[in-house]
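input19.cif follows (mmCIF, C-alpha atoms):
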```cif
data_input
#
loop_
_atom_site.label_atom_id
_atom_site.label_comp_id
_atom_site.auth_asym_id
_atom_site.auth_seq_id
_atom_site.Cartn_x
_atom_site.Cartn_y
_atom_site.Cartn_z
CA MET A 18 27.66 -44.24 -5.37
CA SER A 19 31.37 -44.18 -4.50
CA THR A 20 33.05 -41.39 -2.58
CA PRO A 21 36.59 -40.20 -3.40
CA GLU A 22 37.86 -41.67 -0.14
CA SER A 23 36.45 -45.13 -0.85
CA LEU A 24 38.36 -45.43 -4.14
CA VAL A 25 41.76 -45.64 -2.41
CA ALA A 26 40.73 -46.86 1.04
CA ASP A 27 42.30 -50.30 0.54
CA VAL A 28 45.65 -49.10 -0.83
CA VAL A 29 48.54 -49.65 1.58
CA ALA A 30 50.80 -46.58 1.56
CA PRO A 31 53.63 -47.13 4.07
CA HIS A 32 55.97 -44.32 2.97
CA VAL A 33 55.28 -41.10 4.89
CA LEU A 34 56.64 -37.59 4.27
CA GLY A 35 55.82 -34.64 6.53
CA LEU A 36 56.03 -31.06 5.25
CA SER A 37 55.73 -27.67 6.89
CA ILE A 38 55.27 -25.06 4.17
CA ALA A 39 55.00 -21.46 5.41
CA GLY A 40 53.64 -22.89 8.65
CA VAL A 41 51.11 -25.17 6.93
CA PRO A 42 51.56 -28.81 8.06
CA LEU A 43 50.94 -31.45 5.39
CA GLU A 44 51.41 -35.19 5.26
CA ILE A 45 52.13 -37.18 2.11
CA VAL A 46 51.74 -40.95 2.08
CA THR A 47 52.59 -43.18 -0.87
CA ASN A 48 52.91 -46.83 -1.82
CA ASP A 49 56.01 -46.20 -3.92
CA ALA A 50 59.53 -45.73 -2.56
CA ASP A 51 60.73 -43.96 -5.72
CA VAL A 52 57.95 -41.37 -5.53
CA TRP A 53 58.68 -40.87 -1.81
CA THR A 54 62.39 -40.35 -2.47
CA ALA A 55 61.80 -37.94 -5.35
CA LEU A 56 59.36 -35.83 -3.35
CA GLY A 57 61.69 -35.81 -0.37
CA LEU A 58 64.40 -34.31 -2.55
CA TYR A 59 62.05 -31.83 -4.22
CA TYR A 60 60.57 -30.58 -0.95
CA ALA A 61 63.81 -30.87 1.05
CA PRO A 62 63.68 -27.33 2.56
CA TRP A 63 60.22 -28.03 3.98
CA VAL A 64 60.51 -31.62 5.21
CA ALA A 65 59.50 -31.75 8.88
CA GLY A 66 57.94 -33.96 11.49
CA VAL A 67 54.18 -33.44 11.42
CA SER A 68 51.93 -34.77 14.18
CA ALA A 69 48.68 -33.04 13.21
CA PRO A 70 48.58 -32.40 9.44
CA ALA A 71 46.05 -29.89 8.15
CA ALA A 72 45.70 -32.04 5.01
CA ARG A 73 46.82 -35.51 3.97
CA VAL A 74 47.72 -36.41 0.37
CA ARG A 75 47.81 -40.06 -0.73
CA LEU A 76 49.90 -40.78 -3.84
CA VAL A 77 49.43 -44.16 -5.48
CA GLN A 78 51.69 -45.53 -8.18
CA GLY A 79 49.26 -47.74 -10.08
CA GLY A 80 45.96 -47.63 -11.91
CA LEU A 81 42.40 -46.69 -11.03
CA ASP A 82 39.27 -47.58 -12.95
CA ALA A 83 37.43 -44.30 -12.47
CA ARG A 84 33.95 -44.89 -13.77
CA GLY A 85 31.16 -42.43 -14.33
CA ARG A 86 30.91 -39.38 -16.51
CA PHE A 87 33.71 -36.82 -16.54
CA THR A 88 33.03 -33.33 -17.87
CA ASP A 89 35.86 -31.60 -19.73
CA LEU A 90 36.90 -28.19 -18.44
CA VAL A 91 37.09 -26.03 -21.54
CA ARG A 92 39.87 -23.46 -21.31
CA ARG A 93 39.20 -19.81 -22.03
CA ASP A 94 42.24 -19.52 -24.26
CA GLY A 95 40.94 -22.30 -26.53
CA LYS A 96 43.95 -24.52 -25.87
CA ARG A 97 43.75 -28.29 -25.51
CA VAL A 98 41.63 -29.55 -22.62
CA LYS A 99 43.83 -30.62 -19.72
CA GLU A 100 41.30 -31.76 -17.12
CA ALA A 101 37.87 -33.29 -16.70
CA VAL A 102 35.87 -33.47 -13.47
CA GLN A 103 33.27 -35.66 -11.86
CA ASP A 104 31.57 -34.59 -8.63
CA LEU A 105 30.91 -37.34 -6.09
CA PRO A 106 29.25 -37.28 -2.67
CA GLY A 107 31.52 -35.22 -0.43
CA GLY A 108 34.18 -34.49 -3.02
CA ARG A 109 35.40 -34.43 -6.61
CA LEU A 110 37.45 -36.47 -9.06
CA VAL A 111 39.79 -34.79 -11.52
CA LEU A 112 41.05 -36.69 -14.57
CA LYS A 113 44.22 -35.47 -16.25
CA ARG A 114 43.49 -36.07 -19.93
CA ALA A 115 47.09 -36.19 -21.17
CA THR A 116 48.45 -38.65 -18.60
CA GLY A 117 45.41 -40.51 -17.29
CA VAL A 118 46.28 -39.62 -13.69
CA VAL A 119 43.14 -39.53 -11.54
CA MET A 120 42.94 -37.24 -8.53
CA GLY A 121 40.39 -37.14 -5.75
CA LEU A 122 39.55 -34.30 -3.39
CA TRP A 123 37.47 -34.10 -0.23
CA PRO A 124 37.84 -31.85 2.85
CA GLY A 125 41.30 -32.21 4.32
CA GLN A 126 42.24 -35.08 1.99
CA ALA A 127 43.37 -35.71 -1.55
CA PHE A 128 44.81 -38.50 -3.68
CA ALA A 129 46.45 -39.06 -7.04
CA VAL A 130 46.59 -42.44 -8.79
CA GLY A 131 48.55 -43.18 -11.96
CA ASP A 132 52.08 -43.34 -13.26
CA LEU A 133 53.41 -40.78 -10.80
CA ARG A 134 57.04 -41.75 -11.37
CA ALA A 135 56.72 -40.46 -14.93
CA ASN A 136 54.40 -37.58 -13.96
CA LEU A 137 55.81 -36.43 -10.63
CA ASN A 138 54.98 -32.82 -11.46
CA GLN A 139 51.28 -33.64 -11.24
CA ALA A 140 51.75 -35.05 -7.74
CA ILE A 141 53.62 -31.88 -6.80
CA ASN A 142 50.83 -29.73 -8.20
CA LEU A 143 48.27 -31.62 -6.11
CA VAL A 144 50.29 -31.18 -2.92
CA ASN A 145 50.68 -27.48 -3.66
CA ALA A 146 46.97 -27.09 -4.39
CA CYS A 147 46.20 -28.56 -0.95
CA TYR A 148 48.65 -26.12 0.63
CA ALA A 149 47.15 -23.19 -1.28
CA LYS A 150 43.58 -24.15 -0.38
CA LEU A 151 44.46 -24.06 3.32
CA VAL A 152 46.11 -20.65 2.95
CA LEU A 153 43.13 -19.31 0.99
CA GLY A 154 40.99 -20.36 3.95
CA ARG A 155 42.88 -17.79 6.03
CA GLY A 156 41.65 -14.97 3.79
CA HIS A 157 44.43 -14.81 1.20
CA VAL A 158 43.76 -14.30 -2.49
CA LEU A 159 45.62 -16.08 -5.26
CA LEU A 160 47.65 -14.14 -7.82
CA HIS A 161 48.87 -15.43 -11.18
CA ALA A 162 52.30 -13.97 -10.63
CA ALA A 163 55.95 -14.47 -9.79
CA ALA A 164 57.66 -12.75 -6.87
CA VAL A 165 61.14 -11.84 -5.64
CA SER A 166 62.28 -10.30 -2.37
CA ARG A 167 65.07 -8.45 -0.63
CA ASP A 168 65.36 -8.15 3.16
CA GLY A 169 61.88 -9.59 3.54
CA ARG A 170 60.21 -7.13 1.15
CA ALA A 171 58.69 -8.46 -2.08
CA VAL A 172 57.76 -7.21 -5.52
CA VAL A 173 55.12 -9.34 -7.24
CA LEU A 174 55.26 -9.61 -11.05
CA ALA A 175 52.07 -10.38 -12.97
CA GLY A 176 51.29 -10.35 -16.64
CA PRO A 177 49.41 -12.10 -19.43
CA PRO A 178 50.69 -15.44 -20.76
CA GLY A 179 54.03 -14.98 -22.50
CA ALA A 180 54.86 -11.75 -20.67
CA GLY A 181 58.05 -13.24 -19.28
CA LYS A 182 57.22 -13.41 -15.55
CA SER A 183 59.54 -16.37 -14.97
CA SER A 184 62.35 -14.86 -17.03
CA ALA A 185 61.99 -11.58 -15.17
CA ALA A 186 62.11 -13.30 -11.78
CA LEU A 187 65.25 -15.23 -12.74
CA HIS A 188 66.98 -12.07 -13.97
CA LEU A 189 66.22 -10.53 -10.59
CA VAL A 190 67.64 -13.57 -8.79
CA ASP A 191 70.77 -13.15 -10.93
CA ALA A 192 70.88 -9.58 -9.58
CA GLY A 193 70.97 -10.84 -5.99
CA LEU A 194 67.32 -10.98 -4.97
CA ARG A 195 65.64 -13.95 -3.34
CA PHE A 196 63.08 -16.04 -5.15
CA VAL A 197 59.60 -16.19 -3.60
CA SER A 198 57.49 -17.85 -6.29
CA ASN A 199 57.37 -18.60 -9.99
CA ASP A 200 53.74 -18.53 -11.08
CA ARG A 201 51.46 -18.33 -8.03
CA VAL A 202 51.48 -15.93 -5.08
CA LEU A 203 49.10 -15.92 -2.11
CA ALA A 204 48.50 -12.47 -0.62
CA ARG A 205 46.55 -11.06 2.32
CA VAL A 206 46.21 -7.61 3.86
CA ASN A 207 46.91 -8.00 7.55
CA GLY A 208 47.18 -5.10 9.95
CA GLY A 209 48.51 -2.56 7.49
CA ARG A 210 50.95 -5.04 5.91
CA VAL A 211 50.44 -7.35 2.97
CA GLU A 212 51.68 -10.88 3.54
CA ALA A 213 52.93 -12.65 0.42
CA LEU A 214 53.46 -16.40 0.38
CA GLY A 215 54.99 -18.33 -2.49
CA TYR A 216 54.41 -21.84 -3.77
CA PRO A 217 57.02 -24.48 -2.89
CA LYS A 218 57.63 -25.17 -6.56
CA GLN A 219 60.81 -24.90 -8.56
CA PRO A 220 60.49 -22.58 -11.57
CA ARG A 221 59.70 -24.44 -14.77
CA VAL A 222 61.25 -22.56 -17.63
CA ASN A 223 61.86 -22.98 -21.32
CA PRO A 224 65.33 -23.47 -22.85
CA GLY A 225 65.25 -19.95 -24.26
CA THR A 226 64.92 -18.60 -20.74
CA LEU A 227 67.97 -20.56 -19.62
CA LEU A 228 69.97 -19.20 -22.55
CA GLY A 229 69.50 -15.63 -21.35
CA HIS A 230 70.97 -16.24 -17.89
CA PRO A 231 74.76 -16.76 -17.57
CA ARG A 232 74.58 -19.22 -14.67
CA LEU A 233 71.45 -21.01 -15.85
CA SER A 234 72.77 -21.45 -19.39
CA GLU A 235 75.21 -23.97 -17.94
CA LEU A 236 72.24 -26.35 -17.66
CA LEU A 237 72.12 -26.53 -21.46
CA LYS A 238 74.20 -29.04 -23.36
CA PRO A 239 76.57 -27.44 -25.90
CA GLU A 240 74.61 -28.74 -28.88
CA GLU A 241 71.35 -27.49 -27.39
CA ARG A 242 72.84 -24.05 -26.73
CA ALA A 243 74.07 -23.83 -30.31
CA ARG A 244 70.67 -24.81 -31.67
CA LEU A 245 68.91 -22.20 -29.52
CA GLU A 246 71.36 -19.46 -30.47
CA ALA A 247 70.68 -20.19 -34.15
CA MET A 248 66.89 -19.92 -33.74
CA ASP A 249 64.84 -16.86 -34.61
CA PRO A 250 64.39 -14.89 -31.33
CA ALA A 251 60.58 -14.89 -31.67
CA ALA A 252 60.49 -18.67 -32.17
CA ARG A 253 62.87 -19.15 -29.25
CA TRP A 254 60.62 -17.03 -27.00
CA ASP A 255 57.59 -19.19 -27.85
CA LEU A 256 59.42 -22.53 -27.53
CA GLU A 257 57.64 -24.86 -25.06
CA ALA A 258 59.94 -27.46 -23.48
CA LYS A 259 59.89 -26.63 -19.78
CA ARG A 260 62.19 -28.04 -17.15
CA ASP A 261 62.63 -27.53 -13.40
CA VAL A 262 65.42 -25.32 -12.08
CA ASP A 263 66.69 -25.93 -8.54
CA LEU A 264 67.65 -22.39 -7.56
CA ASP A 265 69.03 -23.28 -4.12
CA ARG A 266 71.44 -25.70 -5.76
CA ILE A 267 72.58 -23.19 -8.38
CA TYR A 268 72.68 -19.96 -6.36
CA GLY A 269 73.12 -21.35 -2.85
CA SER A 270 70.92 -22.43 0.04
CA GLY A 271 68.40 -19.79 1.05
CA THR A 272 67.86 -18.38 -2.45
CA VAL A 273 64.23 -19.51 -2.17
CA ASP A 274 62.25 -17.85 0.63
CA LEU A 275 58.48 -18.30 0.47
CA THR A 276 57.50 -15.58 2.96
CA ALA A 277 57.78 -11.82 2.48
CA GLU A 278 55.98 -8.52 2.89
CA MET A 279 54.51 -7.43 -0.42
CA ARG A 280 55.56 -3.88 -1.31
CA ALA A 281 54.36 -3.58 -4.90
CA LEU A 282 52.44 -5.33 -7.67
CA VAL A 283 53.93 -4.85 -11.13
CA LEU A 284 51.88 -5.69 -14.23
CA LEU A 285 54.12 -6.56 -17.17
CA ARG A 286 52.17 -5.30 -20.18
CA TRP A 287 55.25 -4.87 -22.36
CA SER A 288 55.93 -6.60 -25.68
CA ARG A 289 58.91 -7.72 -27.73
CA ASP A 290 58.11 -5.18 -30.47
CA GLY A 291 57.35 -2.28 -28.13
CA ARG A 292 59.40 0.91 -27.88
CA GLY A 293 61.11 2.33 -24.81
CA LEU A 294 60.03 1.41 -21.30
CA GLN A 295 57.35 3.21 -19.35
CA VAL A 296 56.30 2.63 -15.73
CA ASP A 297 52.97 4.09 -14.63
CA ARG A 298 51.32 3.87 -11.23
CA LEU A 299 47.69 2.80 -11.40
CA THR A 300 44.87 3.95 -9.19
CA PRO A 301 43.06 1.14 -7.33
CA PRO A 302 40.05 1.33 -9.71
CA SER A 303 42.36 1.13 -12.74
CA ALA A 304 44.18 -1.82 -11.19
CA LEU A 305 40.89 -3.65 -10.66
CA GLU A 306 40.01 -3.05 -14.32
CA ARG A 307 43.05 -5.24 -15.06
CA LEU A 308 42.06 -7.92 -12.56
CA GLU A 309 42.20 -10.73 -15.13
CA VAL A 310 45.90 -10.02 -15.59
CA PHE A 311 46.73 -11.03 -12.01
CA ARG A 312 43.75 -12.97 -10.61
CA LYS A 313 43.94 -16.75 -10.31
CA ASP A 314 41.93 -19.51 -8.68
CA LEU A 315 42.46 -23.20 -7.98
CA GLY A 316 39.93 -24.26 -10.60
CA ALA A 317 38.90 -27.88 -10.21
CA PHE A 318 41.04 -28.18 -7.06
CA ASP A 319 38.80 -25.90 -5.00
CA LEU A 320 35.74 -27.74 -3.72
CA ASP A 321 34.12 -24.49 -2.65
CA ARG A 322 33.72 -23.12 -6.15
CA VAL A 323 32.46 -24.14 -9.57
CA PRO A 324 35.44 -24.67 -11.90
CA GLY A 325 35.72 -21.74 -14.28
CA GLY A 326 33.31 -19.61 -12.25
CA LEU A 327 33.57 -15.89 -11.57
CA PRO A 328 35.31 -14.54 -8.46
CA THR A 329 33.26 -14.84 -5.30
CA VAL A 330 32.23 -11.80 -3.25
CA ALA A 331 34.88 -12.66 -0.65
CA GLU A 332 37.57 -12.98 -3.33
CA MET A 333 36.66 -9.63 -4.86
CA ALA A 334 36.84 -8.01 -1.44
CA GLY A 335 40.31 -9.51 -1.01
CA TYR A 336 41.54 -8.16 -4.34
CA GLN A 337 40.04 -4.74 -3.63
CA ALA A 338 41.80 -4.62 -0.26
CA LEU A 339 45.05 -5.69 -1.90
CA VAL A 340 45.19 -2.96 -4.56
CA ALA A 341 44.22 -0.39 -1.95
CA ALA A 342 47.07 -1.49 0.33
CA VAL A 343 49.99 -1.80 -2.11
CA PRO A 344 50.98 0.37 -5.07
CA VAL A 345 50.25 -1.18 -8.46
CA PHE A 346 52.43 -0.31 -11.44
CA GLU A 347 52.01 -1.06 -15.14
CA VAL A 348 55.08 -1.57 -17.30
CA THR A 349 54.63 -0.98 -21.03
CA GLY A 350 56.94 -0.64 -24.00
CA ARG A 351 59.64 -3.08 -25.02
CA VAL A 352 60.65 -6.13 -22.96
CA ASP A 353 63.78 -5.06 -21.08
CA PHE A 354 64.78 -7.31 -18.18
CA ARG A 355 67.85 -5.25 -17.32
CA ALA A 356 65.75 -2.12 -16.91
CA LEU A 357 63.27 -4.08 -14.80
CA VAL A 358 66.06 -4.94 -12.36
CA GLY A 359 66.50 -1.20 -11.76
CA VAL A 360 62.76 -0.60 -11.42
CA THR A 361 62.42 -3.43 -8.92
CA GLY A 362 65.38 -2.25 -6.89
CA ALA A 363 63.83 1.21 -6.61
CA LEU A 364 60.50 -0.26 -5.44
CA LEU A 365 62.25 -2.26 -2.73
CA ALA A 366 64.46 0.62 -1.59
CA GLY A 367 61.82 2.30 0.54
#
```

In structure tokens, how does this file's structure come out?
Amino acid sequence: MSTPESLVADVVAPHVLGLSIAGVPLEIVTNDADVWTALGLYYAPWVAGVSAPAARVRLVQGGLDARGRFTDLVRRDGKRVKEAVQDLPGGRLVLKRATGVVMGLWPGQAFAVGDLRANLNQAINLVNACYAKLVLGRGHVLLHAAAVSRDGRAVVLAGPPGAGKSSAALHLVDAGLRFVSNDRVLARVNGGRVEALGYPKQPRVNPGTLLGHPRLSELLKPEERARLEAMDPAARWDLEAKRDVDLDRIYGSGTVDLTAEMRALVLLRWSRDGRGLQVDRLTPPSALERLEVFRKDLGAFDLDRVPGGLPTVAEMAGYQALVAAVPVFEVTGRVDFRALVGVTGALLAG
């Protein structure tokens, strides 16, 4: 039976890119100059010489005949299946159903094979999963959340799908805060402090989100802006047509800073048809009752767990330590990004 490593062992990949992300050294190798150039631009703030990478990612522009039986990973929300997996000796294959990209994972190594020029975001996600896995090995837990910071202190924003985490983070960047992460935050209690690390990933937002930000709305073409302004607000909120936003280019170098001290976790439980705005501090037990709002795992990209499984004992201990170490607040009522700017500023003032 094949191993993941054997499937790409003969592929020549002469283009090398070293990264140092929050102190985690990674090496990317690829057979395609266009993929190498695109990733170099995307990861520009973290490009570095790496002599001893903690993980190596091989990216192959081409095809792979991945045989054997793949098992679909059924999503809890009932949405279309995105991935299927096949476990092999020493590792795992992951098949992206929509694009046909095949990924392989084994300790310290990973690969992706397919049309990566057209699906560069999947290569980026694989690189980031390798980074996150190494950080999780240090004792961090993964949060499904965005984060912003000021003077090295961060507020982490979690919420159910559609809560507006990305929009909230961008409004806070407009207000002068730094951007830590868009959708994933790694956190660890360490000596009385809580370290928060972001993902090196540009926020992917919908056109409606861009429309609500003066500087970001300039990314919209005039005809697109007019069409969005004419849409029903509810339909505009639910519109799915995401695109990357390079915040350093728009707001200036240094807008993105992946490392901060976490000072608060805010759960956005508001709604578009709510009334007023209420902010309540939760006790640690109450925060843990809402764990599914902010807990995340790497799914198929974590070889140490069964995809879709429950949190491990170690993970639960990490989340318990987290909510005991930082205040957790729940925001209810009507979606109000301007008011959230004030709330966040107050949380970072101490």

Excluding segment 205-216 of chain A and any residue of its chain fewer than 5 positions from it, enumerate the residues within 6 Å of it, using only C-alpha atoms, and give them as a JSON list (two decimals) with C-alpha atoms, in the frame of the given file.
```json
[["chain", "number", "residue", "atom", "x", "y", "z"],
["A", 157, "HIS", "CA", 44.43, -14.81, 1.20],
["A", 197, "VAL", "CA", 59.60, -16.19, -3.60],
["A", 198, "SER", "CA", 57.49, -17.85, -6.29],
["A", 275, "LEU", "CA", 58.48, -18.30, 0.47],
["A", 276, "THR", "CA", 57.50, -15.58, 2.96],
["A", 277, "ALA", "CA", 57.78, -11.82, 2.48],
["A", 278, "GLU", "CA", 55.98, -8.52, 2.89],
["A", 279, "MET", "CA", 54.51, -7.43, -0.42]]
```

Apply the PyMOL selection byres ((chain A and resi 60) around 10) to the structure shown and report the selected residues as a ChimeraX atom specification. /A:34-38,55-59,61-65,141,217-219

Selection under test: the PyMOL selection byres ((chain A and resi 317-325) around 7); residues as a list in words: Gly108, Ala146, Lys150, Leu315, Gly316, Gly326 and Leu327 of chain A

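For segment 243-246 of chain A, the non-local neighbours within 10 Å, defined as residues at least 4 positions apart in the same chain or in other chains and counting all atoms listed in the file, are Pro224, Gly225, Leu228, Leu237, Lys238, Pro239, Pro250, Ala252, Arg253 and Leu256 of chain A.
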
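Interatomic distance, atom CA of Arg109 of chain A to atom CA of Trp123 of chain A: 6.7 Å.
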
Evaluate the PyMOL selection byres ((chain A and resi 331) around 12) here and jot the selected residues down as a PyMOL selection string. chain A and resi 153-158+322+327-330+332-338

Show which residues sit within 8 Å of Gly121 of chain A, as number ranges by chain. Count only C-alpha atoms, and ignore same-chain residues fewer than 2 positions away. A: 21-22, 108-111, 119, 123, 127-129

Selection file, C-alpha atoms, as a PDB file, in the frame of the given file:
```
ATOM      1  CA  PRO A  21      36.590 -40.200  -3.400  1.00  0.00           C
ATOM      2  CA  GLU A  22      37.860 -41.670  -0.140  1.00  0.00           C
ATOM      3  CA  GLY A 108      34.180 -34.490  -3.020  1.00  0.00           C
ATOM      4  CA  ARG A 109      35.400 -34.430  -6.610  1.00  0.00           C
ATOM      5  CA  LEU A 110      37.450 -36.470  -9.060  1.00  0.00           C
ATOM      6  CA  VAL A 111      39.790 -34.790 -11.520  1.00  0.00           C
ATOM      7  CA  VAL A 119      43.140 -39.530 -11.540  1.00  0.00           C
ATOM      8  CA  TRP A 123      37.470 -34.100  -0.230  1.00  0.00           C
ATOM      9  CA  ALA A 127      43.370 -35.710  -1.550  1.00  0.00           C
ATOM     10  CA  PHE A 128      44.810 -38.500  -3.680  1.00  0.00           C
ATOM     11  CA  ALA A 129      46.450 -39.060  -7.040  1.00  0.00           C
TER      12      ALA A 129
END
```

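In this structure, atom CA of Val172 of chain A sits 7.2 Å away from atom CA of Leu365 of chain A.
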
Which one is closest to Ala342 of chain A: A:Ala251, A:Ala204, A:Ala135, A:Val310? Count only C-alpha atoms. A:Ala204

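The residue that comes closest to Asp89 of chain A, out of A:Leu112, A:Val222, A:Gly125, A:Ser68 and on the basis of all atoms listed in the file, is A:Leu112.
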
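Atom pair atom CA of Val130 of chain A / atom CA of Gly117 of chain A has a distance of 8.8 Å (rounded to one decimal).
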
Long-range neighbours of Pro231 of chain A as a short mmCIF file (atom, residue, chain, number, x, y, z; two decimals) with C-alpha atoms, in the coordinates of the input, 9 Å cut-off, only C-alpha atoms, 4 positions minimum in chain:
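Saved result, around_18.cif, follows:
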```
data_model
loop_
_atom_site.label_atom_id
_atom_site.label_comp_id
_atom_site.auth_asym_id
_atom_site.auth_seq_id
_atom_site.Cartn_x
_atom_site.Cartn_y
_atom_site.Cartn_z
CA ASP A 191 70.77 -13.15 -10.93
CA LEU A 227 67.97 -20.56 -19.62
CA GLU A 235 75.21 -23.97 -17.94
#
```

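You can rank A:Asp27, A:Asp82, A:Asp261, A:Asp353 by their closest distance to Val296 of chain A using all atoms listed in the file, and at the top of that list sits A:Asp353.
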
Neighbour list for Tyr148 of chain A as an MDAnalysis selection string, cut-off 8 Å, only C-alpha atoms, skip fewer than 5 positions in-chain: chainID A and resid 38 41 43 72

Each side padded by 4 Å, which centre and which edge lengths in Å (one decimal) define the axis-aligned box around the listed atoms of segment 46-62 of chain A? Give them as JSON.
```
{"center_x": 58.1, "center_y": -37.1, "center_z": -1.6, "size_x": 20.7, "size_y": 27.5, "size_z": 16.3}
```

Residue with smallest distance to Pro220 of chain A - pool A:Lys113, A:Lys259, A:Ala192, A:Arg292, counting all atoms listed in the file: A:Lys259
